[in-house]
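With TSV, C-alpha atoms and all ligand atoms inside, this is final_30.tsv:
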```
chain	number	residue	atom	x	y	z
A	127	MET	CA	-76.45	-101.11	9.57
A	128	LYS	CA	-78.34	-103.45	7.30
A	129	ILE	CA	-77.35	-107.11	7.75
A	130	THR	CA	-80.24	-108.43	5.60
A	131	ASN	CA	-83.32	-106.59	4.31
A	132	LYS	CA	-85.09	-107.30	7.58
A	133	ILE	CA	-82.31	-107.74	10.14
A	134	HIS	CA	-80.47	-104.56	11.09
A	135	LEU	CA	-77.79	-103.83	13.69
A	136	LEU	CA	-77.54	-100.53	15.53
A	137	LYS	CA	-74.30	-99.71	17.36
A	138	ILE	CA	-74.81	-97.61	20.47
A	139	ASP	CA	-71.81	-95.90	22.06
A	140	PHE	CA	-71.65	-95.24	25.77
A	141	SER	CA	-69.02	-94.97	28.48
A	142	VAL	CA	-68.54	-96.58	31.87
A	143	PRO	CA	-67.25	-94.18	34.55
A	144	VAL	CA	-64.70	-96.54	36.12
A	145	THR	CA	-63.31	-93.86	38.46
A	146	PRO	CA	-64.34	-90.19	38.86
A	147	GLU	CA	-61.46	-89.30	36.50
A	148	LYS	CA	-61.51	-92.15	34.03
A	149	SER	CA	-64.21	-93.54	31.76
A	150	LEU	CA	-64.03	-96.66	29.65
A	151	PRO	CA	-65.51	-96.17	26.16
A	152	ARG	CA	-67.81	-99.07	25.24
A	153	PHE	CA	-70.51	-99.86	22.73
A	154	VAL	CA	-73.37	-102.30	22.48
A	155	ASN	CA	-75.09	-103.61	19.37
A	156	VAL	CA	-78.88	-103.76	19.34
A	157	LEU	CA	-80.72	-105.79	16.69
A	158	ILE	CA	-83.77	-104.33	14.97
A	159	ILE	CA	-85.85	-106.81	13.02
A	160	PHE	CA	-88.24	-105.32	10.50
A	161	GLY	CA	-90.92	-107.96	9.99
A	162	ASP	CA	-94.70	-107.49	9.83
A	163	TYR	CA	-94.00	-105.94	13.22
A	164	ILE	CA	-90.69	-104.85	14.74
A	165	THR	CA	-88.69	-106.99	17.15
A	166	LEU	CA	-85.77	-105.61	19.13
A	167	VAL	CA	-82.99	-107.69	20.59
A	168	ASP	CA	-81.70	-105.72	23.60
A	169	SER	CA	-82.42	-102.11	24.43
A	170	GLY	CA	-79.00	-100.52	24.97
A	171	VAL	CA	-78.22	-98.30	27.97
A	172	ASP	CA	-80.53	-95.75	29.57
A	173	GLY	CA	-81.54	-93.22	26.88
A	174	SER	CA	-80.79	-95.52	23.91
A	175	HIS	CA	-84.50	-95.59	23.02
A	176	GLU	CA	-84.04	-92.32	21.11
A	177	ALA	CA	-81.37	-93.73	18.79
A	178	ILE	CA	-83.49	-96.85	18.27
A	179	TYR	CA	-86.63	-94.83	17.41
A	180	ASP	CA	-84.60	-92.56	15.07
A	181	TYR	CA	-83.22	-95.57	13.24
A	182	ILE	CA	-86.68	-97.11	12.89
A	183	GLU	CA	-88.21	-93.85	11.64
A	184	LYS	CA	-85.36	-93.28	9.16
A	185	HIS	CA	-86.30	-96.64	7.69
A	186	GLY	CA	-89.91	-95.57	7.15
A	187	ARG	CA	-91.39	-97.46	10.09
A	188	GLN	CA	-92.95	-96.36	13.38
A	189	ARG	CA	-91.84	-96.97	16.96
A	190	SER	CA	-95.41	-98.11	17.71
A	191	GLU	CA	-94.70	-101.15	15.51
A	192	ILE	CA	-92.31	-102.57	18.14
A	193	LYS	CA	-94.16	-105.62	19.47
A	194	LYS	CA	-91.35	-107.67	21.02
A	195	LEU	CA	-88.22	-106.84	22.99
A	196	ILE	CA	-85.96	-109.83	23.51
A	197	ILE	CA	-83.37	-109.34	26.27
A	198	SER	CA	-80.23	-111.42	25.69
A	199	HIS	CA	-79.20	-111.06	29.35
A	200	ALA	CA	-79.63	-108.80	32.37
A	201	HIS	CA	-76.57	-106.55	32.17
A	202	PRO	CA	-77.25	-102.79	32.21
A	203	ASP	CA	-76.18	-102.09	28.60
A	204	HIS	CA	-78.82	-104.58	27.42
A	205	ILE	CA	-81.75	-103.58	29.64
A	206	GLY	CA	-81.09	-99.83	30.15
A	207	SER	CA	-83.94	-98.57	27.95
A	208	ALA	CA	-86.22	-101.60	28.24
A	209	GLN	CA	-88.81	-100.11	30.59
A	210	ARG	CA	-88.95	-96.89	28.56
A	211	ILE	CA	-89.56	-98.82	25.32
A	212	LYS	CA	-92.18	-100.98	27.04
A	213	THR	CA	-93.98	-97.88	28.33
A	214	ASP	CA	-93.84	-96.14	24.93
A	215	THR	CA	-94.95	-99.10	22.81
A	216	GLY	CA	-96.62	-101.67	25.09
A	217	CYS	CA	-94.29	-104.33	23.65
A	218	GLU	CA	-93.88	-107.81	25.08
A	219	VAL	CA	-90.59	-108.11	27.00
A	220	ILE	CA	-88.95	-111.51	26.81
A	221	GLY	CA	-85.99	-112.84	28.79
A	222	HIS	CA	-84.40	-115.96	30.22
A	223	ALA	CA	-85.58	-117.52	33.48
A	224	ASN	CA	-82.03	-117.41	34.89
A	225	GLU	CA	-81.79	-113.66	34.21
A	226	MET	CA	-85.23	-112.69	35.52
A	227	GLU	CA	-84.14	-111.78	39.05
A	228	TRP	CA	-81.48	-109.32	37.83
A	229	ILE	CA	-83.71	-107.85	35.10
A	230	GLU	CA	-86.60	-107.25	37.49
A	231	ASN	CA	-84.51	-106.16	40.50
A	232	ILE	CA	-81.63	-103.94	39.41
A	233	ASP	CA	-80.63	-103.08	43.00
A	234	PHE	CA	-80.06	-106.75	43.64
A	235	GLN	CA	-78.10	-107.02	40.39
A	236	TYR	CA	-75.88	-104.09	41.39
A	237	LYS	CA	-75.22	-105.58	44.83
A	238	SER	CA	-74.20	-108.88	43.24
A	239	ARG	CA	-72.24	-107.41	40.31
A	240	PRO	CA	-70.79	-103.96	40.96
A	241	VAL	CA	-70.58	-102.35	37.51
A	242	PRO	CA	-69.06	-98.85	37.93
A	243	GLY	CA	-71.63	-96.14	37.17
A	244	PHE	CA	-74.35	-98.82	37.11
A	245	TYR	CA	-77.25	-96.41	37.64
A	246	THR	CA	-76.08	-94.16	34.80
A	247	LEU	CA	-76.54	-97.19	32.50
A	248	VAL	CA	-79.86	-98.42	33.88
A	249	ASN	CA	-82.07	-96.71	36.41
A	250	VAL	CA	-85.34	-98.60	36.20
A	251	PRO	CA	-85.97	-102.35	36.04
A	252	VAL	CA	-88.43	-103.99	33.67
A	253	LYS	CA	-90.81	-106.85	34.24
A	254	LEU	CA	-90.66	-109.82	31.89
A	255	ASP	CA	-93.88	-110.78	30.12
A	256	THR	CA	-92.53	-114.01	28.67
A	257	ILE	CA	-89.83	-116.25	30.08
A	258	TRP	CA	-87.64	-118.54	28.01
A	259	THR	CA	-85.41	-121.31	29.27
A	260	GLY	CA	-83.50	-122.04	26.04
A	261	GLY	CA	-84.29	-124.29	23.10
A	262	GLU	CA	-87.35	-122.24	22.03
A	263	GLU	CA	-88.08	-121.90	18.32
A	264	VAL	CA	-89.97	-118.72	17.58
A	265	SER	CA	-91.33	-117.11	14.43
A	266	LEU	CA	-90.76	-113.34	14.16
A	267	ASP	CA	-92.05	-113.08	10.59
A	268	ASN	CA	-93.04	-115.54	7.87
A	269	ASP	CA	-89.40	-115.89	6.84
A	270	ILE	CA	-87.64	-115.24	10.15
A	271	HIS	CA	-87.50	-118.21	12.48
A	272	ILE	CA	-85.15	-118.07	15.43
A	273	GLN	CA	-83.80	-120.69	17.76
A	274	ILE	CA	-82.72	-119.84	21.31
A	275	ILE	CA	-79.46	-121.51	22.29
A	276	ASN	CA	-78.26	-121.42	25.89
A	277	THR	CA	-74.69	-120.12	26.07
A	278	PRO	CA	-74.19	-119.37	29.80
A	279	GLY	CA	-70.96	-118.24	31.44
A	280	HIS	CA	-70.89	-114.53	30.67
A	281	SER	CA	-74.03	-114.56	32.82
A	282	LYS	CA	-76.20	-117.34	34.25
A	283	GLY	CA	-78.86	-117.20	31.57
A	284	SER	CA	-77.00	-115.76	28.56
A	285	PHE	CA	-78.27	-117.11	25.27
A	286	SER	CA	-77.46	-116.85	21.57
A	287	ILE	CA	-80.00	-116.53	18.78
A	288	LEU	CA	-79.78	-118.49	15.52
A	289	PHE	CA	-81.68	-116.89	12.63
A	290	LYS	CA	-82.36	-120.06	10.70
A	291	GLU	CA	-83.23	-118.82	7.19
A	292	ASP	CA	-80.50	-116.18	7.13
A	293	GLN	CA	-77.88	-118.39	8.84
A	294	ILE	CA	-76.96	-115.65	11.28
A	295	LEU	CA	-75.81	-116.33	14.83
A	296	PHE	CA	-76.12	-113.52	17.36
A	297	THR	CA	-74.06	-114.36	20.45
A	298	ALA	CA	-74.69	-111.19	22.52
A	299	ASP	CA	-71.85	-111.15	25.13
A	300	SER	CA	-71.34	-114.93	25.13
A	301	LEU	CA	-67.95	-114.87	23.37
A	302	PRO	CA	-65.04	-113.14	25.10
A	303	VAL	CA	-62.96	-110.83	22.93
A	304	GLU	CA	-59.18	-110.98	23.16
A	305	ASN	CA	-57.78	-108.44	25.65
A	306	ASP	CA	-61.22	-107.02	26.43
A	307	ILE	CA	-62.29	-106.42	30.04
A	308	PRO	CA	-63.12	-109.78	31.73
A	309	THR	CA	-66.63	-109.47	33.20
A	310	TYR	CA	-68.04	-112.99	33.14
A	311	ASP	CA	-69.94	-114.89	35.81
A	312	ASN	CA	-68.51	-118.37	35.48
A	313	TYR	CA	-65.23	-119.36	33.84
A	314	LYS	CA	-66.09	-123.04	33.37
A	315	ALA	CA	-69.53	-122.39	31.86
A	316	LEU	CA	-68.04	-119.73	29.57
A	317	SER	CA	-65.34	-122.14	28.31
A	318	ASP	CA	-67.99	-124.77	27.63
A	319	SER	CA	-70.16	-122.26	25.75
A	320	ILE	CA	-67.24	-121.14	23.56
A	321	ARG	CA	-66.54	-124.77	22.67
A	322	TYR	CA	-70.21	-125.30	21.90
A	323	ILE	CA	-70.46	-122.21	19.66
A	324	LYS	CA	-67.32	-123.39	17.82
A	325	SER	CA	-69.03	-126.67	17.04
A	326	LEU	CA	-72.33	-125.10	15.92
A	327	GLN	CA	-73.43	-125.57	12.33
A	328	GLY	CA	-75.99	-123.54	10.43
A	329	PHE	CA	-74.54	-120.05	10.46
A	330	THR	CA	-72.36	-118.08	8.06
A	331	THR	CA	-72.63	-114.64	9.71
A	332	LEU	CA	-71.63	-113.92	13.29
A	333	LEU	CA	-73.11	-110.95	15.14
A	334	SER	CA	-72.44	-110.06	18.74
A	335	SER	CA	-73.05	-107.18	21.10
A	336	TRP	CA	-69.45	-106.04	21.01
A	337	THR	CA	-67.88	-106.98	17.66
A	338	THR	CA	-68.36	-105.86	14.06
A	339	PRO	CA	-70.40	-108.28	11.93
A	340	LEU	CA	-68.32	-111.07	10.40
A	341	ASN	CA	-69.09	-113.10	7.25
A	342	ASP	CA	-65.71	-114.59	6.56
A	343	GLN	CA	-65.46	-118.11	8.03
A	344	ALA	CA	-61.74	-117.81	8.81
A	345	GLU	CA	-62.36	-114.50	10.60
A	346	ILE	CA	-65.22	-116.01	12.61
A	347	GLN	CA	-63.10	-118.97	13.70
A	348	SER	CA	-60.20	-116.66	14.51
A	349	LEU	CA	-62.38	-114.38	16.68
A	350	ILE	CA	-63.71	-117.36	18.62
A	351	SER	CA	-60.28	-119.01	19.01
A	352	LYS	CA	-58.55	-115.81	20.10
A	353	GLY	CA	-61.20	-115.28	22.79
A	354	GLU	CA	-60.79	-118.86	23.94
A	355	ILE	CA	-56.97	-118.64	24.07
A	356	TYR	CA	-57.23	-115.34	25.95
A	357	LEU	CA	-59.52	-116.90	28.54
A	358	HIS	CA	-57.23	-119.90	29.03
A	359	LYS	CA	-54.19	-117.63	29.28
A	360	LEU	CA	-55.97	-115.69	32.03
A	361	ASP	CA	-56.81	-118.96	33.76
A	362	SER	CA	-53.19	-119.96	34.30
A	363	ILE	CA	-52.16	-116.45	35.40
A	364	ILE	CA	-55.13	-116.21	37.80
A	365	ARG	CA	-54.37	-119.58	39.43
A	366	GLU	CA	-50.81	-118.49	40.04
A	367	CYS	CA	-51.54	-114.93	41.30
A	368	TYR	CA	-54.58	-115.77	43.44
A	369	ALA	CA	-52.63	-118.54	45.24
A	370	GLU	CA	-51.02	-115.76	47.25
A	371	THR	CA	-52.73	-114.08	50.22
A	372	GLU	CA	-53.44	-110.45	49.44
A	373	SER	CA	-52.77	-107.62	51.87
A	374	ASN	CA	-55.26	-105.29	50.18
A	375	PRO	CA	-58.39	-106.00	48.15
A	376	LEU	CA	-57.67	-106.14	44.39
A	377	ASP	CA	-53.92	-106.84	44.93
A	378	ASN	CA	-54.20	-110.20	43.16
A	379	CYS	CA	-56.50	-108.78	40.52
A	380	ARG	CA	-53.91	-106.08	39.80
A	381	LYS	CA	-51.15	-108.68	39.52
A	382	VAL	CA	-53.16	-110.62	36.93
A	383	ILE	CA	-53.92	-107.47	34.95
A	384	THR	CA	-50.21	-106.55	34.90
A	385	ALA	CA	-49.03	-110.07	34.05
A	386	ALA	CA	-51.60	-110.34	31.23
A	387	GLY	CA	-50.55	-106.95	29.82
A	388	LEU	CA	-54.05	-105.49	30.23
A	389	PRO	CA	-54.90	-101.82	30.98
A	390	ALA	CA	-54.52	-100.95	34.68
A	391	ILE	CA	-58.06	-99.49	34.62
A	392	PHE	CA	-59.36	-103.11	34.49
A	393	ALA	CA	-58.37	-103.69	38.15
A	394	ILE	CA	-61.85	-103.19	39.63
A	395	PRO	CA	-64.14	-105.35	41.82
A	396	LEU	CA	-66.18	-106.41	38.73
A	397	VAL	CA	-63.08	-108.01	37.18
A	398	ASP	CA	-61.89	-109.45	40.50
A	399	ARG	CA	-65.28	-111.15	40.72
A	400	ALA	CA	-64.82	-112.74	37.26
A	401	PHE	CA	-61.28	-113.88	38.14
A	402	ARG	CA	-62.45	-115.56	41.37
A	403	THR	CA	-64.70	-117.88	39.36
A	404	HIS	CA	-61.54	-119.59	38.05
A	405	LEU	CA	-60.59	-120.84	41.51
B	1	ZN	ZN	-73.07	-108.62	29.45
```
If you took the structure in this file and wrote it as structure tokens, what would it be?
Amino acid sequence: MKITNKIHLLKIDFSVPVTPEKSLPRFVNVLIIFGDYITLVDSGVDGSHEAIYDYIEKHGRQRSEIKKLIISHAHPDHIGSAQRIKTDTGCEVIGHANEMEWIENIDFQYKSRPVPGFYTLVNVPVKLDTIWTGGEEVSLDNDIHIQIINTPGHSKGSFSILFKEDQILFTADSLPVENDIPTYDNYKALSDSIRYIKSLQGFTTLLSSWTTPLNDQAEIQSLISKGEIYLHKLDSIIRECYAETESNPLDNCRKVITAAGLPAIFAIPLVDRAFRTHL
């Protein structure tokens, strides 16, 4: 999907096998920036390189023109095809210092954050060539200047990207979506990042990894506010439910899911882990 002449968004569908019987359909948006060379923001899950190359070739460009791959954060749907793309194109892989450990050591990431079907989403790590810490201003083309804005909480080193000339903000997974599966790393940091994004000036279009592009200011504010209200609603339910001692693992998690009216399939260790950061 064309956002501007040079900034395109590619939606990649995949599914997370939550149990042997049930899969959760998901998607992730990858950005493809057609400058003098091509920059990718995120790589999708394992195997997404083919859809990315197809998209590039349909637009009259070559995969060999990919020179940079910016990784918004370490989660498997963002790094799944990174090593493959690096091998195919020799591109520079860029990520945040606070995400490096999980990007470069996926076994360690999986031990710390048990995403169901993790190795179906990513099966090889990638080494970062360039490490950002937030605040960087980088030129991707003569009329595409980006600013890296730290928006931690979803993960330790999550960042958003402001495309200055085009007034586009890409928030990756930094904004929670109402009633979506809670998978963040730190409730307090996430709340602070939402508040910060709300106060940001300089953008009229909002892109994220898991929402459709928004241009309407009221819709943008509504998306952000609904996510914030959802998170705060969860906070009060979690404090109440987790005050009780559980007889079996995930008992309290299940109680929160039920009380919040969320799908029962969300009661998994990954969500329990996010809930425990409220306490
Ligand atoms: Zn994520």
Residues at most 7 Å from ligand ZN 1 (chain B), using all atoms listed in the file? Could they come as a VMD selection string? chain A and resid 199 201 280 to 281 299
Atom CA of Thr213 of chain A to atom CA of Ser174 of chain A: how many Å, to one decimal?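 So the answer is 14.1 Å.
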Restricting the calculation to only C-alpha atoms: of A:Asn224, A:Thr277, A:Ser207, A:Asn374, which residue gets closest to Leu301 of chain A?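 With only C-alpha atoms as the atom set, the closest residue is A:Thr277.
Pairwise distance (atom CA of Leu295 of chain A, atom CA of Leu195 of chain A) equals 17.6 Å.
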Extending 4 Å beyond the listed atoms of segment 216-222 of chain A on each side, what axis-aligned box results? I want centre and edge lengths in Å to one decimal, as JSON.
```
{"center_x": -90.5, "center_y": -108.8, "center_z": 26.9, "size_x": 20.2, "size_y": 22.3, "size_z": 14.6}
```
Using only C-alpha atoms, can you tell me which of A:Leu254, A:Arg402, A:Ser373, A:Ser198 comes closest to Glu227 of chain A? A:Leu254
Could you pull the residues within 10 Å of Ile287 of chain A, counting all atoms listed in the file, minus those fewer than 3 positions along the same chain, as a list in words? Val167, Ser198, Gly260, Gly261, Glu262, Glu263, His271, Ile272, Gln273, Ile274, Ile275, Asn276, Thr277, Lys290, Ile294, Leu295, Phe296, Thr297, Ala298, Leu333 and Ser334 of chain A
Taking 5 positions as the minimum chain separation for residues in the same chain, which residues sit within 12 Å of segment 214-218 of chain A when counting all atoms listed in the file? Answer as a PDB file with C-alpha atoms, in the frame of the given file.
```pdb
ATOM      1  CA  TYR A 163     -94.000-105.940  13.220  1.00  0.00           C
ATOM      2  CA  ILE A 164     -90.690-104.850  14.740  1.00  0.00           C
ATOM      3  CA  THR A 165     -88.690-106.990  17.150  1.00  0.00           C
ATOM      4  CA  LEU A 166     -85.770-105.610  19.130  1.00  0.00           C
ATOM      5  CA  VAL A 167     -82.990-107.690  20.590  1.00  0.00           C
ATOM      6  CA  HIS A 175     -84.500 -95.590  23.020  1.00  0.00           C
ATOM      7  CA  GLU A 176     -84.040 -92.320  21.110  1.00  0.00           C
ATOM      8  CA  TYR A 179     -86.630 -94.830  17.410  1.00  0.00           C
ATOM      9  CA  GLN A 188     -92.950 -96.360  13.380  1.00  0.00           C
ATOM     10  CA  ARG A 189     -91.840 -96.970  16.960  1.00  0.00           C
ATOM     11  CA  SER A 190     -95.410 -98.110  17.710  1.00  0.00           C
ATOM     12  CA  GLU A 191     -94.700-101.150  15.510  1.00  0.00           C
ATOM     13  CA  ILE A 192     -92.310-102.570  18.140  1.00  0.00           C
ATOM     14  CA  LYS A 193     -94.160-105.620  19.470  1.00  0.00           C
ATOM     15  CA  LYS A 194     -91.350-107.670  21.020  1.00  0.00           C
ATOM     16  CA  LEU A 195     -88.220-106.840  22.990  1.00  0.00           C
ATOM     17  CA  ILE A 196     -85.960-109.830  23.510  1.00  0.00           C
ATOM     18  CA  ILE A 197     -83.370-109.340  26.270  1.00  0.00           C
ATOM     19  CA  SER A 207     -83.940 -98.570  27.950  1.00  0.00           C
ATOM     20  CA  ALA A 208     -86.220-101.600  28.240  1.00  0.00           C
ATOM     21  CA  GLN A 209     -88.810-100.110  30.590  1.00  0.00           C
ATOM     22  CA  VAL A 252     -88.430-103.990  33.670  1.00  0.00           C
ATOM     23  CA  LYS A 253     -90.810-106.850  34.240  1.00  0.00           C
ATOM     24  CA  LEU A 254     -90.660-109.820  31.890  1.00  0.00           C
ATOM     25  CA  ASP A 255     -93.880-110.780  30.120  1.00  0.00           C
ATOM     26  CA  THR A 256     -92.530-114.010  28.670  1.00  0.00           C
ATOM     27  CA  ILE A 257     -89.830-116.250  30.080  1.00  0.00           C
TER      28      ILE A 257
END
```
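Taking atom CA of Tyr356 of chain A as the reference point, atom CA of Gly387 of chain A is found at 11.4 Å.
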Test item: residues at most 12 Å from Lys128 of chain A, all atoms listed in the file, excluding those fewer than 3 positions along its chain, as a list in words: Asn131, Lys132, Ile133, His134, Leu135, Leu136, Lys137, Leu157, Ile158, Ile159, Phe160, Tyr181, Ile182, His185 and Pro339 of chain A
Contact table segment 268-343 of chain A vs segment 389-398 of chain A, cut-off 9 Å, shortest pair per residue, all atoms listed in the file, as CSV:
```
residue,atom,partner,partner_atom,distance
A:Asn305,CA,A:Pro389,CA,9.0
A:Ile307,CA,A:Phe392,CA,6.3
A:Pro308,CA,A:Val397,CA,5.7
A:Thr309,CA,A:Val397,CA,5.5
A:Tyr310,CA,A:Val397,CA,8.1
```
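Take the candidates A:Thr130, A:Ser238, A:Asn312, A:Thr246 and check each one against Leu357 of chain A using all atoms listed in the file; the shortest distance goes to A:Asn312.
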Determine the nearest neighbour of Ala385 of chain A from the options A:Ile364, A:Leu349, A:Leu405, A:Ala400, counting only C-alpha atoms. A:Ile364
Option closest in space to Ile220 of chain A, from A:Lys237, A:Ile346, A:Gly161, A:Trp258 [counting all atoms listed in the file]: A:Trp258
